[in-house]
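Source file: target38.cif. Holds: mmCIF, C-alpha atoms and all ligand atoms.
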```cif
data_upload
#
loop_
_atom_site.label_atom_id
_atom_site.label_comp_id
_atom_site.auth_asym_id
_atom_site.auth_seq_id
_atom_site.Cartn_x
_atom_site.Cartn_y
_atom_site.Cartn_z
CA MET A 1 114.88 107.31 105.27
CA LYS A 2 115.59 105.44 108.47
CA LEU A 3 115.92 107.37 111.70
CA HIS A 4 118.39 106.39 114.39
CA GLU A 5 117.04 104.99 117.63
CA TYR A 6 117.66 108.24 119.49
CA GLN A 7 115.87 110.26 116.77
CA SER A 8 113.00 107.79 116.79
CA LYS A 9 112.74 108.13 120.57
CA GLU A 10 112.69 111.94 120.29
CA LEU A 11 109.83 111.55 117.86
CA PHE A 12 108.01 109.15 120.18
CA ALA A 13 108.34 111.61 123.08
CA LYS A 14 106.72 114.33 120.96
CA PHE A 15 103.72 112.06 120.54
CA GLY A 16 103.50 111.30 124.25
CA VAL A 17 105.07 107.84 124.21
CA ALA A 18 107.19 107.02 127.27
CA VAL A 19 110.88 106.51 126.45
CA PRO A 20 113.88 106.10 128.75
CA ARG A 21 115.94 109.24 129.36
CA GLY A 22 119.23 109.32 127.49
CA GLU A 23 121.70 111.33 125.43
CA VAL A 24 123.89 110.65 122.41
CA THR A 25 127.55 111.38 122.02
CA SER A 26 130.59 110.50 119.91
CA ASP A 27 132.98 111.16 122.80
CA PRO A 28 133.74 108.53 125.50
CA GLU A 29 134.44 111.25 128.12
CA GLU A 30 131.04 112.73 127.43
CA ALA A 31 129.59 109.21 127.70
CA ARG A 32 131.06 108.94 131.20
CA LYS A 33 129.43 112.24 132.23
CA ILE A 34 126.06 111.13 130.92
CA ALA A 35 126.42 107.77 132.69
CA GLU A 36 127.29 109.55 135.96
CA LYS A 37 124.08 111.56 135.68
CA PHE A 38 122.19 108.27 135.82
CA GLY A 39 124.27 107.00 138.77
CA GLY A 40 126.22 104.65 136.50
CA ASP A 41 123.15 102.51 135.79
CA VAL A 42 122.98 102.79 132.04
CA VAL A 43 122.61 100.97 128.78
CA VAL A 44 125.12 101.96 126.07
CA LYS A 45 123.76 101.44 122.56
CA ALA A 46 125.50 101.85 119.20
CA GLN A 47 123.49 104.12 116.90
CA VAL A 48 123.78 102.24 113.64
CA LEU A 49 121.01 101.72 111.13
CA MET A 50 121.03 97.95 111.10
CA GLY A 51 119.07 95.10 112.58
CA GLY A 52 120.47 92.63 115.08
CA ARG A 53 122.49 95.31 116.84
CA GLY A 54 122.27 93.70 120.27
CA LYS A 55 123.48 90.32 118.99
CA ALA A 56 126.28 92.09 117.12
CA GLY A 57 127.60 93.40 120.44
CA GLY A 58 126.27 96.93 120.07
CA VAL A 59 124.14 97.02 123.24
CA LYS A 60 125.40 96.51 126.78
CA LEU A 61 124.11 97.18 130.30
CA PHE A 62 126.25 98.74 133.07
CA HIS A 63 126.17 99.65 136.75
CA ASP A 64 129.33 101.71 136.62
CA ALA A 65 130.06 104.93 134.70
CA ASP A 66 133.74 104.05 134.05
CA GLU A 67 132.85 100.71 132.57
CA ALA A 68 130.13 102.32 130.45
CA ALA A 69 132.66 104.90 129.21
CA ALA A 70 135.18 102.15 128.39
CA PHE A 71 132.56 100.33 126.34
CA ALA A 72 131.56 103.57 124.58
CA LYS A 73 135.23 104.09 123.70
CA GLU A 74 135.47 100.57 122.33
CA LEU A 75 132.29 101.01 120.24
CA ILE A 76 132.99 104.41 118.67
CA GLY A 77 134.79 103.89 115.37
CA LYS A 78 134.23 100.14 115.47
CA LYS A 79 132.51 98.25 112.68
CA LEU A 80 129.54 96.17 113.78
CA VAL A 81 128.52 93.21 111.67
CA SER A 82 125.21 91.36 111.98
CA ILE A 83 123.34 88.66 110.10
CA GLN A 84 121.03 91.34 108.71
CA ASN A 85 124.01 93.49 107.69
CA PRO A 86 127.02 91.33 106.80
CA ALA A 87 128.87 94.30 105.25
CA GLY A 88 128.78 95.99 108.65
CA MET A 89 128.48 99.60 109.75
CA VAL A 90 130.88 101.86 111.62
CA VAL A 91 129.59 103.30 114.89
CA GLU A 92 129.79 107.07 115.06
CA LEU A 93 127.38 107.79 117.88
CA VAL A 94 126.36 105.98 121.03
CA LEU A 95 123.21 106.44 123.06
CA VAL A 96 123.74 106.37 126.81
CA GLY A 97 120.36 105.74 128.38
CA GLU A 98 119.09 105.22 131.89
CA LEU A 99 118.84 101.57 132.78
CA ILE A 100 115.29 100.39 133.22
CA ASP A 101 114.30 97.31 135.18
CA ILE A 102 112.52 95.17 132.64
CA ALA A 103 110.02 92.55 133.79
CA GLU A 104 108.61 91.63 130.38
CA GLU A 105 109.34 92.50 126.75
CA TYR A 106 106.64 92.94 124.09
CA TYR A 107 106.62 93.73 120.40
CA LEU A 108 104.73 96.50 118.65
CA SER A 109 104.86 97.79 115.08
CA VAL A 110 102.85 99.93 112.70
CA LEU A 111 103.26 99.47 108.97
CA LEU A 112 101.37 99.55 105.73
CA ASP A 113 99.43 96.58 104.41
CA ARG A 114 99.33 97.39 100.71
CA ALA A 115 96.93 94.57 99.84
CA GLU A 116 94.42 95.73 102.47
CA GLN A 117 95.09 99.42 101.81
CA ARG A 118 95.19 99.89 105.55
CA LEU A 119 97.74 100.41 108.23
CA VAL A 120 98.43 97.33 110.23
CA VAL A 121 99.36 97.28 113.89
CA MET A 122 101.17 94.17 115.10
CA ILE A 123 101.27 93.36 118.78
CA SER A 124 102.96 90.43 120.45
CA LYS A 125 103.73 89.30 123.94
CA GLU A 126 106.90 87.72 122.53
CA GLY A 127 109.08 90.81 122.27
CA GLY A 128 112.80 91.37 122.56
CA MET A 129 113.64 88.59 120.14
CA ASP A 130 113.71 88.39 116.39
CA ILE A 131 110.13 88.95 115.27
CA GLU A 132 110.67 87.00 112.04
CA GLU A 133 111.45 84.00 114.20
CA VAL A 134 108.26 84.49 116.22
CA ALA A 135 106.29 84.83 112.99
CA ALA A 136 107.74 81.57 111.69
CA LYS A 137 107.49 79.47 114.86
CA GLN A 138 104.36 80.75 116.58
CA PRO A 139 102.42 82.99 114.17
CA GLU A 140 99.43 82.95 116.55
CA ALA A 141 101.55 84.95 119.01
CA ILE A 142 101.31 88.01 116.75
CA VAL A 143 97.98 89.85 116.77
CA ARG A 144 97.25 92.04 113.76
CA VAL A 145 94.82 94.96 113.74
CA LEU A 146 93.96 96.82 110.55
CA VAL A 147 93.54 100.59 110.77
CA ASP A 148 91.73 102.81 108.31
CA PRO A 149 94.16 105.72 107.92
CA ALA A 150 91.31 108.22 107.59
CA TRP A 151 89.20 107.01 110.52
CA GLY A 152 91.86 105.78 112.89
CA LEU A 153 91.26 103.07 115.40
CA ASP A 154 88.61 102.60 118.07
CA ASP A 155 89.86 101.98 121.58
CA TYR A 156 87.52 99.01 122.09
CA GLU A 157 88.95 97.23 119.05
CA LEU A 158 92.46 97.84 120.32
CA ARG A 159 91.61 96.70 123.84
CA ALA A 160 90.37 93.41 122.43
CA ALA A 161 93.55 92.99 120.39
CA VAL A 162 95.82 93.71 123.33
CA LYS A 163 93.91 91.22 125.45
CA LYS A 164 94.08 88.63 122.70
CA ALA A 165 97.84 89.15 122.54
CA GLY A 166 97.94 88.01 126.16
CA LEU A 167 99.37 91.11 127.77
CA PRO A 168 98.80 91.26 131.56
CA PRO A 169 95.95 93.53 132.70
CA LYS A 170 98.27 96.24 134.07
CA ALA A 171 99.94 96.60 130.67
CA GLN A 172 96.78 96.53 128.55
CA ARG A 173 95.55 100.10 128.97
CA GLN A 174 99.07 101.50 128.57
CA MET A 175 99.56 99.47 125.40
CA VAL A 176 96.33 100.84 123.93
CA GLY A 177 97.61 104.36 124.62
CA MET A 178 101.00 103.62 123.08
CA VAL A 179 99.45 102.17 119.92
CA GLN A 180 97.12 105.17 119.51
CA SER A 181 100.05 107.58 119.89
CA LEU A 182 102.23 105.67 117.46
CA VAL A 183 99.47 105.38 114.83
CA LYS A 184 99.10 109.16 115.07
CA ALA A 185 102.88 109.56 114.79
CA TYR A 186 102.91 107.18 111.80
CA ILE A 187 100.32 109.19 109.89
CA GLU A 188 101.58 112.66 110.79
CA THR A 189 105.23 111.95 109.97
CA ASP A 190 104.48 109.97 106.77
CA ALA A 191 106.25 106.98 108.24
CA GLU A 192 106.68 103.69 106.38
CA LEU A 193 107.48 101.76 109.50
CA ILE A 194 107.42 102.24 113.23
CA GLU A 195 108.72 99.36 115.29
CA VAL A 196 109.24 99.05 119.04
CA ASN A 197 111.08 95.90 120.07
CA PRO A 198 111.04 95.62 122.97
CA VAL A 199 108.20 97.55 124.52
CA ALA A 200 109.34 97.09 128.12
CA LEU A 201 107.05 96.49 131.07
CA THR A 202 109.13 97.66 134.00
CA THR A 203 109.17 95.92 137.36
CA ASP A 204 107.09 98.80 138.72
CA GLY A 205 104.45 98.28 136.06
CA LYS A 206 105.20 101.03 133.52
CA LEU A 207 105.16 100.49 129.79
CA ILE A 208 108.08 102.16 128.01
CA ALA A 209 109.63 102.03 124.52
CA ALA A 210 113.07 100.53 125.21
CA ASP A 211 114.04 100.44 121.53
CA ALA A 212 112.69 102.42 118.58
CA LYS A 213 112.86 102.14 114.83
CA VAL A 214 111.25 104.62 112.43
CA ALA A 215 111.50 104.87 108.66
CA ILE A 216 110.04 107.92 106.92
CA ASP A 217 108.75 107.65 103.34
CA ASP A 218 111.46 109.27 101.18
CA SER A 219 108.82 110.66 98.82
CA ALA A 220 107.35 112.63 101.75
CA LEU A 221 110.62 114.10 103.01
CA PHE A 222 109.80 117.44 101.41
CA ARG A 223 107.03 117.76 103.99
CA HIS A 224 109.44 117.12 106.84
CA ALA A 225 112.36 119.44 106.20
CA GLY A 226 113.85 118.63 109.60
CA TYR A 227 114.48 115.02 108.66
CA ALA A 228 115.90 115.73 105.21
CA GLU A 229 118.45 118.04 106.87
CA GLN A 230 119.48 115.30 109.26
CA ALA A 231 119.99 113.01 106.28
CA ASP A 232 123.77 113.18 106.37
CA ASP A 233 124.12 111.41 109.66
CA ALA A 234 121.06 109.23 109.34
CA MET A 235 121.38 107.73 105.87
CA GLU A 236 123.13 104.44 105.35
CA ASN A 237 125.01 105.86 102.41
CA GLU A 238 126.72 109.21 101.98
CA LEU A 239 125.67 109.54 98.34
CA GLU A 240 122.06 108.75 99.19
CA ALA A 241 122.22 111.44 101.87
CA GLU A 242 123.56 113.99 99.38
CA ALA A 243 120.88 112.98 96.86
CA ALA A 244 118.17 113.26 99.54
CA ARG A 245 119.25 116.81 100.36
CA LYS A 246 118.95 117.68 96.66
CA GLY A 247 115.66 115.82 96.30
CA ILE A 248 117.08 113.33 93.80
CA ALA A 249 115.69 109.78 93.67
CA TYR A 250 118.98 107.88 93.97
CA VAL A 251 119.60 104.44 95.40
CA HIS A 252 123.14 103.17 95.81
CA LEU A 253 123.60 99.59 94.60
CA GLY A 254 127.35 99.07 94.75
CA GLY A 255 128.36 98.07 91.21
CA ASP A 256 130.45 100.01 88.69
CA ILE A 257 127.95 101.04 85.98
CA GLY A 258 126.15 104.27 86.83
CA ILE A 259 122.59 104.50 85.53
CA ILE A 260 120.40 107.51 84.90
CA GLY A 261 116.99 107.44 83.28
CA ASN A 262 113.66 109.22 83.34
CA GLY A 263 110.85 107.37 85.06
CA ALA A 264 111.35 104.62 87.63
CA GLY A 265 110.20 101.87 85.23
CA LEU A 266 112.66 102.85 82.53
CA VAL A 267 115.47 103.06 85.08
CA MET A 268 114.65 99.59 86.37
CA CYS A 269 114.60 98.22 82.80
CA SER A 270 118.00 99.82 82.30
CA LEU A 271 119.31 98.08 85.43
CA ASP A 272 118.05 94.78 84.05
CA GLU A 273 119.63 95.37 80.65
CA VAL A 274 122.98 96.25 82.21
CA SER A 275 122.82 93.09 84.32
CA ALA A 276 121.84 91.02 81.29
CA ALA A 277 124.85 92.44 79.44
CA GLY A 278 127.08 91.18 82.25
CA GLY A 279 127.44 94.51 84.07
CA ASP A 280 126.90 95.43 87.68
CA PRO A 281 124.72 98.52 88.28
CA ALA A 282 126.17 101.12 90.63
CA ASN A 283 122.89 102.85 91.34
CA PHE A 284 119.29 103.63 90.49
CA LEU A 285 118.62 107.25 89.54
CA ASP A 286 115.40 108.66 88.18
CA VAL A 287 115.80 112.26 86.97
CA GLY A 288 112.03 112.68 87.20
CA GLY A 289 109.70 114.17 84.63
CA GLY A 290 110.61 117.30 82.69
CA ALA A 291 114.13 117.60 84.10
CA GLN A 292 115.98 120.74 83.03
CA ALA A 293 119.67 120.81 82.11
CA GLU A 294 120.72 121.96 85.58
CA ARG A 295 118.88 119.02 87.17
CA VAL A 296 120.43 116.52 84.76
CA LYS A 297 123.87 117.95 85.56
CA GLU A 298 123.28 117.50 89.30
CA CYS A 299 122.17 113.92 88.70
CA VAL A 300 125.28 113.09 86.65
CA GLU A 301 127.41 114.63 89.39
CA ILE A 302 125.80 112.53 92.12
CA VAL A 303 126.44 109.32 90.15
CA LEU A 304 130.05 110.31 89.46
CA MET A 305 130.71 111.02 93.15
CA ASP A 306 130.71 107.23 93.45
CA LYS A 307 134.37 106.48 92.77
CA ASN A 308 133.60 102.88 91.77
CA VAL A 309 131.76 104.03 88.67
CA LYS A 310 133.62 103.19 85.45
CA GLY A 311 130.78 103.58 82.97
CA LEU A 312 127.61 105.66 82.85
CA LEU A 313 124.44 104.80 80.97
CA ILE A 314 121.97 107.61 80.34
CA ASN A 315 118.67 106.27 79.05
CA ILE A 316 115.99 108.83 78.21
CA PHE A 317 112.61 108.34 76.60
CA GLY A 318 111.44 111.91 76.27
CA GLY A 319 107.84 112.86 76.90
CA ILE A 320 107.84 116.00 78.95
CA THR A 321 111.56 115.47 79.39
CA ARG A 322 113.35 117.08 76.43
CA GLY A 323 116.35 115.45 74.79
CA ASP A 324 118.10 118.79 74.28
CA GLU A 325 117.82 119.70 77.97
CA VAL A 326 119.27 116.30 78.87
CA ALA A 327 122.13 116.77 76.40
CA LYS A 328 122.93 120.21 77.78
CA GLY A 329 122.98 118.81 81.30
CA ILE A 330 125.31 115.96 80.34
CA LEU A 331 127.70 118.32 78.56
CA ALA A 332 127.70 120.75 81.50
CA ALA A 333 128.50 117.92 83.90
CA PHE A 334 131.54 116.91 81.84
CA ASP A 335 132.60 120.48 81.17
CA ASP A 336 135.85 120.41 83.13
CA GLY A 337 136.83 117.24 81.23
CA ASP A 338 138.91 115.38 83.81
CA VAL A 339 136.38 112.62 84.47
CA ASP A 340 137.61 109.15 83.58
CA VAL A 341 134.28 107.47 82.93
CA GLU A 342 132.84 106.02 79.72
CA VAL A 343 129.43 107.52 78.95
CA VAL A 344 126.81 105.97 76.69
CA GLU A 345 123.51 107.68 75.91
CA ARG A 346 120.31 106.52 74.36
CA ILE A 347 117.94 109.42 73.86
CA GLU A 348 114.56 109.00 72.20
CA GLY A 349 111.35 111.02 72.06
CA THR A 350 110.79 114.73 72.52
CA ALA A 351 113.63 116.88 71.12
CA ALA A 352 115.85 113.80 70.75
CA GLU A 353 117.29 115.01 67.45
CA GLU A 354 118.23 118.39 68.90
CA GLY A 355 119.83 116.61 71.83
CA LEU A 356 121.86 114.24 69.69
CA LYS A 357 123.05 117.15 67.55
CA LEU A 358 124.36 118.86 70.69
CA LEU A 359 126.25 115.71 71.67
CA GLU A 360 127.89 115.29 68.24
CA GLY A 361 131.66 115.42 68.45
CA SER A 362 131.62 115.03 72.24
CA ARG A 363 133.06 112.07 74.15
CA ILE A 364 129.55 110.67 74.74
CA ILE A 365 128.97 107.36 72.92
CA GLY A 366 125.57 107.03 71.24
CA ALA A 367 123.26 104.02 71.01
CA LYS A 368 120.00 103.43 69.16
CA THR A 369 118.30 101.15 71.67
CA MET A 370 118.39 100.55 75.40
CA ARG A 371 119.89 97.08 74.90
CA GLU A 372 122.61 98.36 72.61
CA ALA A 373 123.38 101.14 75.10
CA ALA A 374 123.65 98.65 77.97
CA GLN A 375 125.97 96.40 75.98
CA LYS A 376 128.12 99.34 74.89
CA VAL A 377 128.51 100.76 78.38
CA VAL A 378 129.42 97.38 79.87
CA ALA A 379 131.99 96.78 77.10
CA ALA A 380 133.43 100.30 77.38
CA ALA A 381 133.71 100.11 81.15
CA SER A 382 135.54 96.79 81.10
CA GLY A 383 137.78 97.73 78.17
P1 LIG A 401 118.55 95.63 119.12
O1 LIG A 401 119.30 94.38 119.29
O2 LIG A 401 119.20 96.52 118.14
O3 LIG A 401 117.12 95.41 118.79
O4 LIG A 401 118.66 96.44 120.54
P2 LIG A 401 117.60 96.67 121.71
O5 LIG A 401 117.55 98.11 122.01
O6 LIG A 401 116.30 96.03 121.42
O7 LIG A 401 118.30 95.96 122.93
C1 LIG A 401 118.48 94.56 122.97
C2 LIG A 401 118.07 94.02 124.32
O8 LIG A 401 118.81 94.67 125.34
C3 LIG A 401 116.61 94.26 124.68
O9 LIG A 401 115.77 93.29 124.18
C4 LIG A 401 116.67 94.24 126.19
O10 LIG A 401 116.57 92.92 126.66
C5 LIG A 401 118.05 94.76 126.50
N1 LIG A 401 117.94 96.16 126.96
C6 LIG A 401 117.99 97.29 126.21
N2 LIG A 401 117.83 98.38 126.97
C7 LIG A 401 117.68 97.94 128.25
C8 LIG A 401 117.47 98.56 129.53
O11 LIG A 401 117.40 99.77 129.67
N3 LIG A 401 117.33 97.73 130.61
C9 LIG A 401 117.42 96.39 130.52
N4 LIG A 401 117.28 95.66 131.61
N5 LIG A 401 117.61 95.78 129.35
C10 LIG A 401 117.74 96.52 128.24
MN MN A 402 115.37 95.95 119.45
#
```

Structure translated into C-alpha cells:
Amino acid sequence: MKLHEYQSKELFAKFGVAVPRGEVTSDPEEARKIAEKFGGDVVVKAQVLMGGRGKAGGVKLFHDADEAAAFAKELIGKKLVSIQNPAGMVVELVLVGELIDIAEEYYLSVLLDRAEQRLVVMISKEGGMDIEEVAAKQPEAIVRVLVDPAWGLDDYELRAAVKKAGLPPKAQRQMVGMVQSLVKAYIETDAELIEVNPVALTTDGKLIAADAKVAIDDSALFRHAGYAEQADDAMENELEAEAARKGIAYVHLGGDIGIIGNGAGLVMCSLDEVSAAGGDPANFLDVGGGAQAERVKECVEIVLMDKNVKGLLINIFGGITRGDEVAKGILAAFDDGDVDVEVVERIEGTAAEEGLKLLEGSRIIGAKTMREAAQKVVAAASG
C-alpha cells in the first residue's frame, strides 16, 4: 500500500526526519488560509499516488496566497497524466507546504535487495530528477550500502558512503542521521520502499525531506491498523481499498473476467489460462488457505463490485480449503439472483464431490480442468 506524500512526511516526522511544515486540504479556500499562514511563500502539491507528478503539472511554487489558492482550485478535481501513469489520476487533496530555499537536491531511498537478502540504501548527489535516468546515464553517481536488517548499519560505514556520494561536508552528518532514521522507519513500519527525492539542502545548510514516498508491505498491514484504515483514500483503486480493509488479497487488473482461486500460484495460472483462451483478467484474488463459506462469499462480492466483470472463474484445488465450503460461499453470494455474470467453477480436491453436489441445478457452469474452465468462462462472457 502506497502512502501519500503528506502521510509519508507525517511518518518521517515521527522518526525524527526533518520535513517542511504543511497541511492538506480538498478546499481552495482552506488552501488560501494555509498559504497565508506561511506568508504566501508555499509549494502546492497534488496528492496523487503516481510518479512524475512535478512534470505532470502537479507541483508549483508561489509567493502569493491568492495565486496558490487559484492553483489549488485548478488542481482539485483535475486529472493528472504522467509518463509513469498514462491513465492518469484525479486529484482529491493538495498539500500546501512552506516554501524552502533549496541550494542542492539529493536522492535517498531504502528498499529490499532480495538477491542479497539485505536492505539497500541508495544515496546520490544527483537528486530532484528521474533516478532511473541517473542510473542509466551515470550509474557511478548512485552509492549503494547494504544493511543487515537485524544488525542495522554502522555510522562509520554510512559516513564513508555519504562521502563517496560526493555530498558537501555540511550535509554529510545530517545525511547519516536521515538514513539511520529512515532505515529504522523502514523496519518498524514493514515498508517495501522509502524514497526521498529530493532531499533538499537549504541555503542555510539544513537537510530536509522535500518529497516523500513510502510503500508499506500489504502482507504486514494487519500489524499497522492505522494504515489499513486509511486505505480508502490512499489506495490507487477503490476495490483494492475495500479488499484491504477486509484483508483480502485482491489486485485489480482492468479486464472483464473475474478470477478467484486458492493459493497465489494457482490464481496466477488461472490468469494465464484465461489470457491464453483470449480473455482479459479483471483481477487477481487469492481466497487464502482454508477459506470458509463466508470468506468465499466476501471474495465473490469484491470481484462483482467491479462493474466491468462479465464472467467469473472460480478455480479451487482443495487441500485445507474444502470444496463444499467454497460451493456454499458461491451460492450465498448469488443468493439474491440479480447478478448478470457468467460463472464457471472448477473444484478439485478435498470435499470436491460434496461441493459439486451443492452446485447441481444452480446457474454455475462446471468444468473438469482449469483450461476447460478458462475457455468456458471466456466463451460465456463474450456470448
Ligand atoms: P515529484 O515530481 O512528484 O517528484 O515532486 P517533488 O515533490 O519532488 O517536487 C518536484 C520539484 O519541485 C523538486 O525537485 C523541487 O525542485 C521542487 N520543489 C518542491 N518543493 C519545493 C520547495 O519547497 N522549495 C523549492 N524551492 N522547490 C521545491
Ligand atoms: Mn520527487

Check your understanding: Residues at most 8 Å from ligand LIG 401 (chain A), using only C-alpha atoms and all ligand atoms? Could they come as a PyMOL selection string?
Key -> chain A and resi 20+42-43+45+50-56+58-61+97-102+105+127-129+197-198+210-212

Same residues, C-alpha atoms, output as an mmCIF file, in the coordinates of the input:
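Writing the result to part.cif gives the following:
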```cif
data_model
loop_
_atom_site.group_PDB
_atom_site.id
_atom_site.type_symbol
_atom_site.label_atom_id
_atom_site.label_comp_id
_atom_site.auth_asym_id
_atom_site.auth_seq_id
_atom_site.Cartn_x
_atom_site.Cartn_y
_atom_site.Cartn_z
ATOM 1 C CA PRO A 20 113.880 106.100 128.750
ATOM 2 C CA VAL A 42 122.980 102.790 132.040
ATOM 3 C CA VAL A 43 122.610 100.970 128.780
ATOM 4 C CA LYS A 45 123.760 101.440 122.560
ATOM 5 C CA MET A 50 121.030 97.950 111.100
ATOM 6 C CA GLY A 51 119.070 95.100 112.580
ATOM 7 C CA GLY A 52 120.470 92.630 115.080
ATOM 8 C CA ARG A 53 122.490 95.310 116.840
ATOM 9 C CA GLY A 54 122.270 93.700 120.270
ATOM 10 C CA LYS A 55 123.480 90.320 118.990
ATOM 11 C CA ALA A 56 126.280 92.090 117.120
ATOM 12 C CA GLY A 58 126.270 96.930 120.070
ATOM 13 C CA VAL A 59 124.140 97.020 123.240
ATOM 14 C CA LYS A 60 125.400 96.510 126.780
ATOM 15 C CA LEU A 61 124.110 97.180 130.300
ATOM 16 C CA GLY A 97 120.360 105.740 128.380
ATOM 17 C CA GLU A 98 119.090 105.220 131.890
ATOM 18 C CA LEU A 99 118.840 101.570 132.780
ATOM 19 C CA ILE A 100 115.290 100.390 133.220
ATOM 20 C CA ASP A 101 114.300 97.310 135.180
ATOM 21 C CA ILE A 102 112.520 95.170 132.640
ATOM 22 C CA GLU A 105 109.340 92.500 126.750
ATOM 23 C CA GLY A 127 109.080 90.810 122.270
ATOM 24 C CA GLY A 128 112.800 91.370 122.560
ATOM 25 C CA MET A 129 113.640 88.590 120.140
ATOM 26 C CA ASN A 197 111.080 95.900 120.070
ATOM 27 C CA PRO A 198 111.040 95.620 122.970
ATOM 28 C CA ALA A 210 113.070 100.530 125.210
ATOM 29 C CA ASP A 211 114.040 100.440 121.530
ATOM 30 C CA ALA A 212 112.690 102.420 118.580
#
```

Point to revise | Contacts of stretch 343-359 of chain A at 10 Å (all atoms listed in the file; same-chain gap of 4+ positions) as a PyMOL selection string | key: chain A and resi 257-261+310-328+330-331+363-378+380-381

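With distances taken over only C-alpha atoms and all ligand atoms, A:Ala200 is the one residue among A:Val145, A:Ala200, A:Leu153, A:Val300 lying closest to ligand MN 402 (chain A).
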
Check your understanding: Counting only C-alpha atoms, which of A:Leu108, A:Leu146, A:Ala220, A:Leu80 gets nearest to A:Val199?
Key ->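 That would be A:Leu108, the residue with the smallest distance to A:Val199.
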
Exercise for review: Write out as JSON, numbers by chain each polymer residue whose atoms come within 9 Å of A:Gly205, counting all atoms listed in the file; drop sequence neighbours fewer than 2 positions from it.
Suggested key: {"A": [103, 170, 171, 201, 202, 203, 207]}

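When all atoms listed in the file are used to compute distances to ligand MN 402 (chain A), the closest of the residues A:Lys206, A:Ile194, A:Lys246, A:Glu273 turns out to be A:Ile194.
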
Exercise for review: Dump as a PyMOL selection string all residues having an atom at most 12 Å from (125.2, 93.2, 106.5), computed in the file's coordinates with all atoms listed in the file.
Suggested key: chain A and resi 48-53+56+79-90+236

Output C-alpha atoms of each residue in that selection to a file, as a PDB file, in the frame of the given file.
```
ATOM      1  CA  VAL A  48     123.780 102.240 113.640  1.00  0.00           C
ATOM      2  CA  LEU A  49     121.010 101.720 111.130  1.00  0.00           C
ATOM      3  CA  MET A  50     121.030  97.950 111.100  1.00  0.00           C
ATOM      4  CA  GLY A  51     119.070  95.100 112.580  1.00  0.00           C
ATOM      5  CA  GLY A  52     120.470  92.630 115.080  1.00  0.00           C
ATOM      6  CA  ARG A  53     122.490  95.310 116.840  1.00  0.00           C
ATOM      7  CA  ALA A  56     126.280  92.090 117.120  1.00  0.00           C
ATOM      8  CA  LYS A  79     132.510  98.250 112.680  1.00  0.00           C
ATOM      9  CA  LEU A  80     129.540  96.170 113.780  1.00  0.00           C
ATOM     10  CA  VAL A  81     128.520  93.210 111.670  1.00  0.00           C
ATOM     11  CA  SER A  82     125.210  91.360 111.980  1.00  0.00           C
ATOM     12  CA  ILE A  83     123.340  88.660 110.100  1.00  0.00           C
ATOM     13  CA  GLN A  84     121.030  91.340 108.710  1.00  0.00           C
ATOM     14  CA  ASN A  85     124.010  93.490 107.690  1.00  0.00           C
ATOM     15  CA  PRO A  86     127.020  91.330 106.800  1.00  0.00           C
ATOM     16  CA  ALA A  87     128.870  94.300 105.250  1.00  0.00           C
ATOM     17  CA  GLY A  88     128.780  95.990 108.650  1.00  0.00           C
ATOM     18  CA  MET A  89     128.480  99.600 109.750  1.00  0.00           C
ATOM     19  CA  VAL A  90     130.880 101.860 111.620  1.00  0.00           C
ATOM     20  CA  GLU A 236     123.130 104.440 105.350  1.00  0.00           C
TER      21      GLU A 236
END
```

Practice item. Have a look at atom CA of A:Gly166 and atom CA of A:Ser124 and let me know their distance in Å, one decimal. Key: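 Between these atoms lies a distance of 8.0 Å.
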
Residue list as a PDB file with C-alpha atoms, keeping the file's coordinate frame for point (106.7, 80.8, 117.2), cut-off 12 Å, only C-alpha atoms:
```pdb
ATOM      1  CA  SER A 124     102.960  90.430 120.450  1.00  0.00           C
ATOM      2  CA  LYS A 125     103.730  89.300 123.940  1.00  0.00           C
ATOM      3  CA  GLU A 126     106.900  87.720 122.530  1.00  0.00           C
ATOM      4  CA  GLY A 127     109.080  90.810 122.270  1.00  0.00           C
ATOM      5  CA  MET A 129     113.640  88.590 120.140  1.00  0.00           C
ATOM      6  CA  ASP A 130     113.710  88.390 116.390  1.00  0.00           C
ATOM      7  CA  ILE A 131     110.130  88.950 115.270  1.00  0.00           C
ATOM      8  CA  GLU A 132     110.670  87.000 112.040  1.00  0.00           C
ATOM      9  CA  GLU A 133     111.450  84.000 114.200  1.00  0.00           C
ATOM     10  CA  VAL A 134     108.260  84.490 116.220  1.00  0.00           C
ATOM     11  CA  ALA A 135     106.290  84.830 112.990  1.00  0.00           C
ATOM     12  CA  ALA A 136     107.740  81.570 111.690  1.00  0.00           C
ATOM     13  CA  LYS A 137     107.490  79.470 114.860  1.00  0.00           C
ATOM     14  CA  GLN A 138     104.360  80.750 116.580  1.00  0.00           C
ATOM     15  CA  PRO A 139     102.420  82.990 114.170  1.00  0.00           C
ATOM     16  CA  GLU A 140      99.430  82.950 116.550  1.00  0.00           C
ATOM     17  CA  ALA A 141     101.550  84.950 119.010  1.00  0.00           C
ATOM     18  CA  ILE A 142     101.310  88.010 116.750  1.00  0.00           C
TER      19      ILE A 142
END
```

Practice item. Work out how far atom CA of A:Gly278 is from atom CA of A:Val303, in Å to one decimal. Key: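 It comes out at 19.8 Å.
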
Practice item. Find the residues near A:Ile302: any atom within 9 Å, counting all atoms listed in the file, skip ones fewer than 3 places away on the same chain, and give them as a ChimeraX atom specification. Key: /A:239-240,242-243,248,250,297-299,305-306

File dump, residues just selected, C-alpha atoms, as a PDB file, in the coordinates of the input:
```
ATOM      1  CA  LEU A 239     125.670 109.540  98.340  1.00  0.00           C
ATOM      2  CA  GLU A 240     122.060 108.750  99.190  1.00  0.00           C
ATOM      3  CA  GLU A 242     123.560 113.990  99.380  1.00  0.00           C
ATOM      4  CA  ALA A 243     120.880 112.980  96.860  1.00  0.00           C
ATOM      5  CA  ILE A 248     117.080 113.330  93.800  1.00  0.00           C
ATOM      6  CA  TYR A 250     118.980 107.880  93.970  1.00  0.00           C
ATOM      7  CA  LYS A 297     123.870 117.950  85.560  1.00  0.00           C
ATOM      8  CA  GLU A 298     123.280 117.500  89.300  1.00  0.00           C
ATOM      9  CA  CYS A 299     122.170 113.920  88.700  1.00  0.00           C
ATOM     10  CA  MET A 305     130.710 111.020  93.150  1.00  0.00           C
ATOM     11  CA  ASP A 306     130.710 107.230  93.450  1.00  0.00           C
TER      12      ASP A 306
END
```

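As for atom CA of A:Gln292 and atom CA of A:Asp335, they are spaced 16.7 Å apart.
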